[in-house]
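With compact mmCIF, C-alpha atoms and all ligand atoms inside, this is input.txt:
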# COMPACT_ATOMS: atom_id res chain seq x y z
CA MET A 274 66.08 -95.56 94.50
CA LYS A 275 65.47 -95.74 90.79
CA ARG A 276 62.56 -98.07 91.47
CA THR A 277 61.12 -95.71 94.07
CA ILE A 278 61.25 -92.82 91.64
CA VAL A 279 59.54 -94.89 88.97
CA SER A 280 56.82 -95.93 91.43
CA LEU A 281 56.35 -92.35 92.58
CA LEU A 282 56.13 -91.18 88.99
CA ALA A 283 53.61 -93.90 88.17
CA ALA A 284 51.55 -92.99 91.24
CA SER A 285 51.57 -89.28 90.43
CA LEU A 286 50.59 -90.01 86.84
CA TYR A 287 47.76 -92.24 88.05
CA PHE A 288 46.42 -89.71 90.51
CA GLY A 289 47.16 -86.91 88.06
CA THR A 290 44.80 -88.49 85.54
CA HIS A 291 42.06 -89.22 88.03
CA ALA A 292 42.56 -86.41 90.52
CA GLN A 293 39.21 -85.11 91.66
CA VAL A 294 38.04 -82.65 94.25
CA GLN A 295 37.05 -84.48 97.41
CA ILE A 296 33.81 -83.24 98.94
CA LYS A 297 32.37 -86.37 100.57
CA PRO A 298 33.99 -88.90 102.91
CA LEU A 299 35.64 -91.76 101.03
CA PRO A 300 33.26 -94.70 100.55
CA GLN A 301 32.86 -97.87 102.60
CA SER A 302 34.54 -100.92 101.10
CA GLY A 303 32.58 -102.87 98.52
CA TYR A 304 31.14 -99.73 96.89
CA GLU A 305 32.44 -100.71 93.44
CA GLN A 306 30.43 -103.92 93.45
CA ARG A 307 27.32 -102.26 94.91
CA ILE A 308 27.32 -99.53 92.24
CA LYS A 309 27.94 -102.12 89.51
CA THR A 310 25.12 -104.37 90.72
CA TYR A 311 22.71 -101.44 90.98
CA ILE A 312 23.43 -100.09 87.49
CA SER A 313 23.55 -103.55 85.87
CA ASN A 314 20.08 -104.38 87.17
CA MET A 315 18.21 -101.09 86.97
CA ARG A 316 15.49 -100.48 84.41
CA VAL A 317 16.19 -97.83 81.79
CA VAL A 318 14.47 -95.57 79.28
CA ASP A 319 15.73 -95.68 75.70
CA THR A 320 15.39 -92.19 74.17
CA HIS A 321 16.20 -92.97 70.53
CA GLU A 322 15.80 -95.93 68.19
CA HIS A 323 15.05 -96.61 64.52
CA LEU A 324 13.53 -99.94 65.47
CA GLU A 325 11.79 -102.01 62.84
CA ASP A 326 9.19 -104.57 63.79
CA GLN A 327 10.34 -108.13 64.52
CA SER A 328 8.43 -109.41 61.47
CA ALA A 329 10.37 -107.07 59.16
CA TRP A 330 13.55 -109.08 59.78
CA ILE A 331 12.02 -112.45 58.99
CA SER A 332 12.89 -112.54 55.33
CA PRO A 333 15.46 -114.44 53.23
CA GLY A 334 19.07 -113.44 53.81
CA LYS A 335 18.42 -111.14 56.77
CA LEU A 336 18.68 -113.41 59.80
CA ASP A 337 22.34 -114.36 60.03
CA PHE A 338 25.50 -112.94 61.64
CA MET A 339 25.35 -109.90 59.35
CA LEU A 340 22.39 -108.68 61.42
CA LEU A 341 24.87 -107.65 64.12
CA LEU A 342 26.81 -105.49 61.65
CA GLN A 343 23.78 -103.54 60.45
CA HIS A 344 23.54 -99.81 60.61
CA TYR A 345 26.86 -98.73 62.16
CA ALA A 346 29.57 -101.43 61.89
CA TYR A 347 28.82 -101.08 58.20
CA ASP A 348 30.15 -97.50 58.25
CA ASP A 349 33.53 -98.66 59.51
CA ILE A 350 33.66 -101.65 57.16
CA ARG A 351 33.04 -99.24 54.29
CA SER A 352 35.57 -96.81 55.77
CA ALA A 353 38.05 -99.72 55.64
CA GLY A 354 37.40 -99.98 51.92
CA MET A 355 34.52 -102.37 51.21
CA PRO A 356 32.37 -101.08 48.31
CA LYS A 357 28.72 -100.37 49.15
CA GLN A 358 27.43 -102.88 46.56
CA THR A 359 29.51 -105.63 48.15
CA PHE A 360 28.15 -104.90 51.61
CA ASN A 361 24.58 -104.78 50.29
CA LYS A 362 25.09 -108.21 48.75
CA LEU A 363 25.98 -109.52 52.21
CA LEU A 364 22.50 -108.55 53.36
CA THR A 365 20.73 -110.74 50.81
CA ASP A 366 20.19 -114.49 50.41
CA SER A 367 22.34 -114.72 47.27
CA LEU A 368 25.27 -116.09 49.31
CA THR A 369 25.70 -118.74 52.00
CA VAL A 370 26.78 -117.70 55.50
CA MET A 371 30.32 -118.95 54.85
CA GLU A 372 30.53 -117.15 51.50
CA LYS A 373 29.48 -113.95 53.26
CA TRP A 374 32.13 -114.45 55.93
CA ASN A 375 34.87 -115.05 53.37
CA ILE A 376 34.04 -111.77 51.62
CA LEU A 377 33.82 -109.88 54.90
CA LYS A 378 36.90 -111.34 56.60
CA PRO A 379 39.68 -109.01 55.29
CA TYR A 380 37.57 -105.92 56.01
CA TRP A 381 36.56 -107.24 59.43
CA GLU A 382 40.19 -107.83 60.31
CA ALA A 383 40.98 -104.27 59.20
CA THR A 384 38.32 -102.62 61.36
CA SER A 385 37.21 -104.93 64.16
CA ASN A 386 39.07 -102.58 66.55
CA THR A 387 36.37 -99.87 66.43
CA ALA A 388 33.66 -99.57 69.06
CA TYR A 389 30.95 -100.14 66.41
CA CYS A 390 32.53 -103.55 65.74
CA ARG A 391 33.32 -104.25 69.40
CA ALA A 392 29.60 -103.74 70.13
CA ALA A 393 28.78 -106.45 67.58
CA LEU A 394 31.29 -108.78 69.24
CA LEU A 395 29.87 -108.15 72.71
CA THR A 396 26.34 -108.78 71.42
CA ALA A 397 27.39 -112.02 69.71
CA ASP A 398 28.92 -113.20 72.98
CA LYS A 399 26.39 -112.07 75.57
CA LEU A 400 23.24 -112.75 73.58
CA PHE A 401 24.22 -115.82 71.55
CA GLY A 402 27.32 -117.26 73.29
CA ALA A 403 29.62 -116.74 70.27
CA LYS A 404 33.03 -115.77 71.66
CA ASP A 405 34.30 -114.31 68.39
CA LEU A 406 33.29 -113.65 64.81
CA ASN A 407 35.25 -116.03 62.57
CA GLU A 408 34.89 -119.00 60.22
CA LYS A 409 34.33 -121.30 63.21
CA THR A 410 31.51 -119.27 64.79
CA VAL A 411 29.47 -117.54 62.08
CA GLU A 412 27.36 -120.55 61.04
CA GLU A 413 26.26 -121.52 64.54
CA LEU A 414 25.73 -117.86 65.45
CA SER A 415 23.58 -117.38 62.33
CA ALA A 416 21.48 -120.45 63.19
CA LYS A 417 20.90 -119.14 66.73
CA ILE A 418 19.85 -115.71 65.43
CA LYS A 419 17.39 -117.31 63.02
CA LYS A 420 15.91 -119.52 65.72
CA SER A 421 15.47 -116.65 68.17
CA TYR A 422 13.07 -114.96 65.75
CA GLN A 423 10.65 -117.88 66.09
CA SER A 424 9.83 -116.66 69.61
CA ASP A 425 8.60 -113.38 71.13
CA TRP A 426 12.20 -112.24 70.71
CA TYR A 427 11.62 -108.49 70.79
CA ASP A 428 9.83 -108.68 74.09
CA GLN A 429 12.43 -111.02 75.56
CA VAL A 430 15.31 -108.74 74.58
CA LEU A 431 13.80 -105.31 75.23
CA ASN A 432 11.86 -106.13 78.33
CA LYS A 433 13.65 -108.98 80.07
CA LYS A 434 17.28 -108.74 78.91
CA CYS A 435 17.56 -104.95 78.49
CA GLY A 436 15.06 -103.93 81.18
CA ILE A 437 13.75 -101.07 79.04
CA ASP A 438 10.51 -99.39 80.17
CA TYR A 439 10.01 -97.03 77.22
CA VAL A 440 11.50 -96.84 73.72
CA LEU A 441 11.31 -93.67 71.64
CA VAL A 442 11.12 -94.64 67.99
CA ASP A 443 12.25 -92.14 65.37
CA GLU A 444 9.48 -91.49 62.82
CA ASP A 445 6.20 -93.27 62.73
CA ASN A 446 6.20 -97.02 62.55
CA SER A 447 2.68 -98.34 62.80
CA MET A 448 3.98 -101.88 63.40
CA LEU A 449 5.13 -100.79 66.83
CA ALA A 450 1.66 -99.90 68.01
CA ASN A 451 2.22 -100.67 71.68
CA PRO A 452 1.73 -97.27 73.32
CA ALA A 453 2.66 -98.62 76.74
CA LYS A 454 6.25 -99.17 75.61
CA PHE A 455 6.87 -97.50 72.26
CA LYS A 456 6.52 -93.75 71.86
CA HIS A 457 7.08 -92.04 68.55
CA VAL A 458 9.03 -89.00 67.44
CA LYS A 459 8.03 -87.07 64.32
CA ARG A 460 10.42 -85.32 61.94
CA PHE A 461 8.25 -83.14 59.63
CA GLY A 462 11.13 -83.34 57.16
CA GLU A 463 8.71 -82.95 54.24
CA PHE A 464 8.06 -79.36 55.37
CA ILE A 465 11.77 -78.55 55.68
CA PHE A 466 12.73 -80.20 52.39
CA ALA A 467 9.77 -79.06 50.29
CA VAL A 468 11.87 -78.25 47.25
CA SER A 469 9.36 -78.60 44.43
CA ALA A 470 5.71 -77.87 43.67
CA LYS A 471 5.26 -81.62 43.34
CA LYS A 472 6.46 -82.25 46.90
CA ILE A 473 4.16 -79.53 48.22
CA ALA A 474 1.25 -81.05 46.26
CA THR A 475 1.98 -84.41 47.90
CA ILE A 476 1.77 -82.84 51.37
CA ALA A 477 -1.54 -81.18 50.39
CA ARG A 478 -2.94 -84.47 49.14
CA ASP A 479 -1.79 -86.46 52.20
CA LEU A 480 -3.32 -83.96 54.61
CA ASN A 481 -6.35 -83.30 52.43
CA THR A 482 -5.83 -79.55 52.63
CA PRO A 483 -5.14 -77.05 49.80
CA ILE A 484 -1.67 -75.42 49.78
CA HIS A 485 -1.39 -72.42 47.46
CA SER A 486 0.42 -69.92 49.70
CA LEU A 487 2.97 -69.84 52.48
CA ASP A 488 0.10 -69.30 54.94
CA ASP A 489 -1.54 -72.48 53.64
CA PHE A 490 1.78 -74.28 54.03
CA VAL A 491 2.12 -73.20 57.68
CA THR A 492 -1.52 -74.18 58.32
CA ALA A 493 -0.78 -77.61 56.83
CA LEU A 494 2.21 -77.95 59.18
CA GLY A 495 -0.11 -77.24 62.11
CA THR A 496 -2.52 -79.92 60.91
CA ALA A 497 0.30 -82.47 60.55
CA PHE A 498 1.63 -81.52 63.97
CA ARG A 499 -1.70 -82.03 65.76
CA LYS A 500 -2.22 -85.29 63.92
CA ALA A 501 1.18 -86.51 65.11
CA LEU A 502 0.42 -85.61 68.73
CA ASP A 503 -2.84 -87.58 68.45
CA HIS A 504 -0.85 -90.60 67.29
CA ASN A 505 1.47 -91.24 70.21
CA ASN A 506 4.25 -88.84 69.14
CA VAL A 507 5.94 -87.29 72.16
CA ALA A 508 8.67 -85.19 70.55
CA VAL A 509 9.87 -83.64 67.30
CA LYS A 510 13.18 -84.64 65.72
CA ILE A 511 15.19 -82.29 63.55
CA GLY A 512 17.94 -84.20 61.74
CA VAL A 513 18.96 -81.66 59.11
CA ALA A 514 22.62 -81.47 60.23
CA TYR A 515 23.18 -84.16 57.59
CA GLU A 516 22.19 -81.71 54.86
CA ARG A 517 23.01 -78.23 56.12
CA ASP A 518 24.28 -76.19 59.09
CA LEU A 519 22.27 -75.79 62.29
CA PHE A 520 21.98 -71.99 62.18
CA PHE A 521 18.33 -71.16 61.55
CA ASP A 522 17.99 -67.46 60.90
CA ASP A 523 14.86 -65.70 62.10
CA VAL A 524 13.90 -64.68 58.56
CA THR A 525 10.94 -62.47 57.69
CA LYS A 526 7.79 -63.94 56.26
CA GLU A 527 8.38 -61.91 53.07
CA LYS A 528 11.76 -63.52 52.53
CA ALA A 529 10.39 -67.03 53.09
CA ASP A 530 7.43 -66.23 50.86
CA GLU A 531 9.74 -65.26 48.02
CA VAL A 532 11.29 -68.75 48.10
CA PHE A 533 7.88 -70.42 48.42
CA ARG A 534 6.55 -68.58 45.37
CA LYS A 535 9.69 -69.40 43.43
CA ILE A 536 9.23 -73.12 44.17
CA MET A 537 5.56 -73.03 43.18
CA ALA A 538 6.46 -71.30 39.89
CA LEU A 539 9.18 -73.79 38.92
CA PRO A 540 8.39 -75.53 35.65
CA GLY A 541 7.36 -79.21 35.68
CA GLY A 542 9.15 -81.36 38.24
CA SER A 543 12.00 -78.86 38.83
CA VAL A 544 13.44 -78.59 42.31
CA LEU A 545 15.44 -76.10 44.33
CA LYS A 546 18.59 -77.75 45.61
CA TYR A 547 17.74 -78.78 49.16
CA ASN A 548 21.15 -77.92 50.56
CA GLY A 549 21.60 -74.75 48.56
CA SER A 550 21.40 -71.20 49.86
CA GLU A 551 18.30 -70.48 47.74
CA ILE A 552 16.06 -72.78 49.81
CA LYS A 553 17.58 -71.78 53.17
CA PRO A 554 15.26 -68.86 54.07
CA LEU A 555 12.18 -71.09 53.67
CA GLN A 556 13.81 -73.92 55.64
CA ASP A 557 14.77 -71.51 58.42
CA TYR A 558 11.26 -70.08 58.48
CA MET A 559 9.63 -73.53 58.70
CA VAL A 560 11.95 -74.67 61.51
CA HIS A 561 10.87 -71.58 63.46
CA ARG A 562 7.23 -72.48 62.81
CA ILE A 563 7.88 -76.04 64.07
CA LEU A 564 9.33 -74.52 67.23
CA ASP A 565 6.25 -72.26 67.60
CA LEU A 566 4.15 -75.43 67.61
CA CYS A 567 6.51 -77.13 70.10
CA ARG A 568 6.12 -74.13 72.40
CA ALA A 569 2.33 -74.04 72.07
CA THR A 570 1.96 -77.75 72.84
CA ASN A 571 4.83 -78.26 75.33
CA THR A 572 6.46 -80.73 72.93
CA PRO A 573 10.24 -81.23 73.28
CA VAL A 574 12.45 -81.10 70.20
CA GLN A 575 15.37 -83.46 69.62
CA PHE A 576 18.18 -82.05 67.48
CA HIS A 577 20.83 -84.14 65.79
CA THR A 578 24.14 -82.57 66.77
CA GLY A 579 27.66 -83.85 66.18
CA LEU A 580 28.80 -86.79 64.10
CA GLN A 581 26.76 -87.71 61.05
CA ALA A 582 26.62 -91.40 60.10
CA GLY A 583 28.13 -92.47 56.79
CA ASP A 584 30.74 -90.65 54.79
CA GLY A 585 31.10 -87.30 53.08
CA ASN A 586 29.54 -85.11 55.80
CA TYR A 587 30.54 -81.66 57.05
CA ILE A 588 31.11 -81.96 60.79
CA ASP A 589 31.13 -78.17 61.26
CA ASN A 590 27.48 -78.11 60.24
CA SER A 591 26.47 -79.96 63.37
CA ASN A 592 28.11 -77.90 66.11
CA PRO A 593 25.49 -77.40 68.85
CA THR A 594 26.50 -73.76 69.33
CA HIS A 595 24.89 -72.94 65.93
CA LEU A 596 21.53 -73.36 67.71
CA THR A 597 22.10 -70.60 70.28
CA ASN A 598 19.69 -68.09 68.71
CA LEU A 599 16.93 -70.72 68.96
CA PHE A 600 17.67 -71.42 72.64
CA LEU A 601 17.32 -67.68 73.29
CA LYS A 602 14.17 -67.16 71.26
CA TYR A 603 12.29 -70.30 72.38
CA ARG A 604 13.00 -70.19 76.10
CA ASP A 605 10.04 -72.47 76.88
CA VAL A 606 10.92 -75.19 74.37
CA LYS A 607 12.98 -78.12 75.60
CA PHE A 608 15.94 -78.61 73.24
CA ILE A 609 17.36 -82.11 73.53
CA LEU A 610 20.78 -82.26 71.87
CA PHE A 611 21.68 -85.70 70.56
CA HIS A 612 24.74 -87.86 70.42
CA GLY A 613 26.67 -86.01 73.13
CA GLY A 614 27.47 -83.55 70.34
CA TYR A 615 30.47 -85.71 69.34
CA PRO A 616 33.11 -84.26 68.99
CA PHE A 617 31.77 -80.99 70.47
CA GLY A 618 31.42 -82.24 74.06
CA GLY A 619 32.77 -79.04 75.60
CA GLU A 620 30.49 -76.82 73.51
CA LEU A 621 27.56 -79.06 74.49
CA ALA A 622 28.44 -78.65 78.18
CA ALA A 623 28.55 -74.88 77.75
CA VAL A 624 25.10 -74.60 76.14
CA ALA A 625 23.46 -77.14 78.46
CA LYS A 626 24.91 -75.27 81.45
CA GLY A 627 24.05 -71.82 80.15
CA PHE A 628 20.46 -72.42 79.00
CA ARG A 629 17.79 -73.89 81.25
CA ASN A 630 15.97 -75.26 78.18
CA VAL A 631 18.91 -77.28 76.78
CA TYR A 632 19.37 -80.97 77.60
CA ILE A 633 22.05 -83.57 76.81
CA ASP A 634 21.13 -86.90 75.21
CA MET A 635 23.86 -89.54 74.95
CA CYS A 636 22.09 -91.72 72.38
CA TRP A 637 24.43 -93.43 69.89
CA LEU A 638 27.43 -92.15 71.85
CA TYR A 639 28.92 -95.17 73.62
CA ILE A 640 29.49 -97.06 70.37
CA ILE A 641 30.98 -94.00 68.68
CA SER A 642 33.55 -93.93 71.48
CA PRO A 643 33.35 -95.35 74.99
CA SER A 644 36.35 -93.16 75.97
CA TYR A 645 34.68 -89.95 74.82
CA SER A 646 31.48 -91.00 76.63
CA GLU A 647 33.41 -91.62 79.81
CA ARG A 648 35.47 -88.42 79.57
CA TYR A 649 32.46 -86.21 78.90
CA LEU A 650 30.07 -87.89 81.30
CA HIS A 651 32.68 -87.09 83.97
CA GLU A 652 32.80 -83.49 82.76
CA TRP A 653 29.05 -83.05 82.26
CA LEU A 654 28.39 -84.32 85.78
CA GLU A 655 30.65 -81.49 86.97
CA THR A 656 29.17 -78.80 84.74
CA VAL A 657 25.51 -79.55 83.97
CA PRO A 658 22.59 -80.31 86.33
CA ALA A 659 22.20 -84.11 86.40
CA SER A 660 18.46 -83.58 85.87
CA LYS A 661 19.26 -82.52 82.27
CA ILE A 662 21.26 -85.56 81.14
CA MET A 663 19.69 -88.58 79.43
CA ALA A 664 22.24 -91.36 79.22
CA PHE A 665 20.90 -94.01 76.87
CA GLY A 666 19.53 -94.36 73.35
CA GLY A 667 20.62 -97.31 71.22
CA ASP A 668 20.07 -95.70 67.81
CA PHE A 669 19.60 -99.06 66.05
CA ARG A 670 17.09 -100.81 63.82
CA ASN A 671 17.18 -104.20 65.56
CA VAL A 672 16.97 -105.28 69.20
CA GLU A 673 20.23 -107.28 69.32
CA ASN A 674 22.38 -104.21 68.75
CA ILE A 675 20.37 -102.21 71.28
CA TYR A 676 21.22 -104.89 73.83
CA GLY A 677 24.97 -104.71 73.06
CA HIS A 678 24.93 -100.91 73.12
CA LEU A 679 23.15 -100.88 76.47
CA LEU A 680 25.88 -103.12 77.91
CA PHE A 681 28.41 -100.48 76.81
CA ALA A 682 26.31 -97.73 78.42
CA ARG A 683 25.89 -99.54 81.74
CA GLN A 684 29.65 -100.19 81.88
CA VAL A 685 30.61 -96.58 81.15
CA VAL A 686 28.07 -95.07 83.57
CA THR A 687 29.23 -97.54 86.24
CA LYS A 688 32.88 -96.63 85.66
CA VAL A 689 32.30 -92.88 85.80
CA LEU A 690 30.13 -92.98 88.92
CA THR A 691 32.47 -95.43 90.67
CA GLU A 692 35.40 -93.10 90.03
CA LYS A 693 33.46 -90.12 91.29
CA VAL A 694 32.62 -92.03 94.51
CA ARG A 695 36.17 -93.34 94.89
CA ASP A 696 37.50 -89.78 94.78
CA GLY A 697 34.85 -88.45 97.17
CA TYR A 698 33.23 -86.17 94.56
CA PHE A 699 29.91 -87.99 95.16
CA SER A 700 28.78 -90.17 98.04
CA GLU A 701 27.68 -93.68 97.13
CA ASP A 702 24.02 -92.73 97.68
CA GLU A 703 24.35 -89.69 95.44
CA ALA A 704 25.91 -91.81 92.67
CA LEU A 705 23.02 -94.30 92.75
CA LYS A 706 20.48 -91.47 92.62
CA ILE A 707 22.26 -89.94 89.63
CA ALA A 708 22.28 -93.30 87.82
CA GLN A 709 18.53 -93.54 88.38
CA MET A 710 18.08 -90.00 87.04
CA ILE A 711 20.22 -90.18 83.92
CA LEU A 712 19.27 -93.71 82.84
CA HIS A 713 15.58 -93.62 83.69
CA ASP A 714 13.72 -90.84 85.51
CA ASN A 715 14.97 -87.78 83.59
CA ALA A 716 13.71 -89.09 80.25
CA ILE A 717 10.25 -89.81 81.67
CA ARG A 718 9.99 -86.30 83.12
CA ILE A 719 11.59 -84.35 80.23
CA LEU A 720 9.61 -86.20 77.54
CA ASN A 721 6.37 -86.40 79.58
CA LEU A 722 6.29 -90.16 78.97
CA ASP A 723 3.92 -91.04 81.79
CA LYS A 724 1.37 -88.41 80.76
CA LYS A 725 0.64 -89.57 77.19
ZN ZN B 1 19.28 -91.97 64.97
Any chance you could give the structure as structure tokens?
Amino acid sequence: MKRTIVSLLAASLYFGTHAQVQIKPLPQSGYEQRIKTYISNMRVVDTHEHLEDQSAWISPGKLDFMLLLQHYAYDDIRSAGMPKQTFNKLLTDSLTVMEKWNILKPYWEATSNTAYCRAALLTADKLFGAKDLNEKTVEELSAKIKKSYQSDWYDQVLNKKCGIDYVLVDEDNSMLANPAKFKHVKRFGEFIFAVSAKKIATIARDLNTPIHSLDDFVTALGTAFRKALDHNNVAVKIGVAYERDLFFDDVTKEKADEVFRKIMALPGGSVLKYNGSEIKPLQDYMVHRILDLCRATNTPVQFHTGLQAGDGNYIDNSNPTHLTNLFLKYRDVKFILFHGGYPFGGELAAVAKGFRNVYIDMCWLYIISPSYSERYLHEWLETVPASKIMAFGGDFRNVENIYGHLLFARQVVTKVLTEKVRDGYFSEDEALKIAQMILHDNAIRILNLDKK
């Protein structure tokens, strides 16, 4: 009896966690494997990377096991206590591979539980056959990494192993001049963070246009914008949630002009603090002008929302709901909200559901937390049109970590869609169509990738 009660309890807990509304007939047997095979083999579009050219990595001290801990695992290793200078030393050739490992080891053991570090482990295994990171594996792993860069490694990884059709690269990188695969995204940060007369003079010189007034400044922005569109840029990125909140007031020209004049009148190299309230009206005004240009040219804008990398950030700054006045004012601009808004997944669902011009982008998300990605992909597929969800962007500087991240993404998408088919929320055919939409077709349509 006791056993029966325990089993019943376990069963109710199980179904309680996964209970779903059944709409479709339950699937034919073997659906799990068919969905897994389909998603594991399908080609994808990668909506966000900071990729550096293959040649940029071929320099002393860069091509060893530490390559797999670049960019994000570093944040957790530092969070576990390693000083920045120590980590930076591990990226140079001043130490042998084993010396690097010995310094890293206590921090690695403290933090190898996080998804950033798990991604590095999965990459080491699936790309280089190293089953763990430890004193027995790091030397051979490092030798394999070094050797791989003697081939057309980028093409092998991105094209053959990842099956990626397009990669959107944040900010211009002329080394990636392959317009068939790499598309660029421009930030225009110099116009948002123009805090001194010197910075404004630099913009004027670079664009070869005089800037003496706010009107000149806006004209210069237009020139830079058109230039970017002529150079394979397909979207604008606004990443200011690292420096300030995402509420951009619709300030008057007079108010913005006051700040502009103040900057131009500052003595010598003086600057207005870029995250202070003094500069805010001009920043707000310029973001609105960027959105005017997006509207006029049908250019989507990608907004960083949610978690900021590194330490010492204000998470409240990055809540996607701060952007609501922009969604209302720029109804024709496509707002692509990054990083699944972590940890504001519910708020993100609400704005993506409530505004036809708001889209969800899950770049970076699976390695922040696979559980969050799974939980919210379930919820977003119940709340937001599937045509508005883009489900992969690696958010890395090197191809190895993109590969590991994509393995995470394929696993999570497979799990969510399999569960939705198991419960009869979707049919098997519907699930496969949705995978095709969120991992591939939506990005091409939303970002006009086949038209540029
Ligand atoms: Zn990024």
Practice item. Residues within 7 Å of ligand ZN 1 (chain B), counting all atoms listed in the file: report them as a ChimeraX atom specification. Key: /A:321-323,668
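Among the candidates A:Thr687, A:Gln709, A:Asn630, A:Thr492, the one nearest to Leu610 in chain A when counting all atoms listed in the file is A:Asn630.
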Point to revise | For Val442 in chain A, the nearest of the candidates A:Tyr311, A:Phe611, A:Tyr698, A:Phe455, counting all atoms listed in the file | key: A:Phe455
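When CA of Glu531 in chain A is paired with CA of Tyr558 in chain A, their separation reads 11.6 Å.
Proximity to Tyr615 in chain A was assessed for A:Gly667, A:Pro643, A:Pro333, A:Pro452 counting all atoms listed in the file; the smallest distance is recorded for A:Pro643.
Reported to one decimal place, the separation of CA of Asp503 in chain A from CA of Thr475 in chain A is 21.3 Å.
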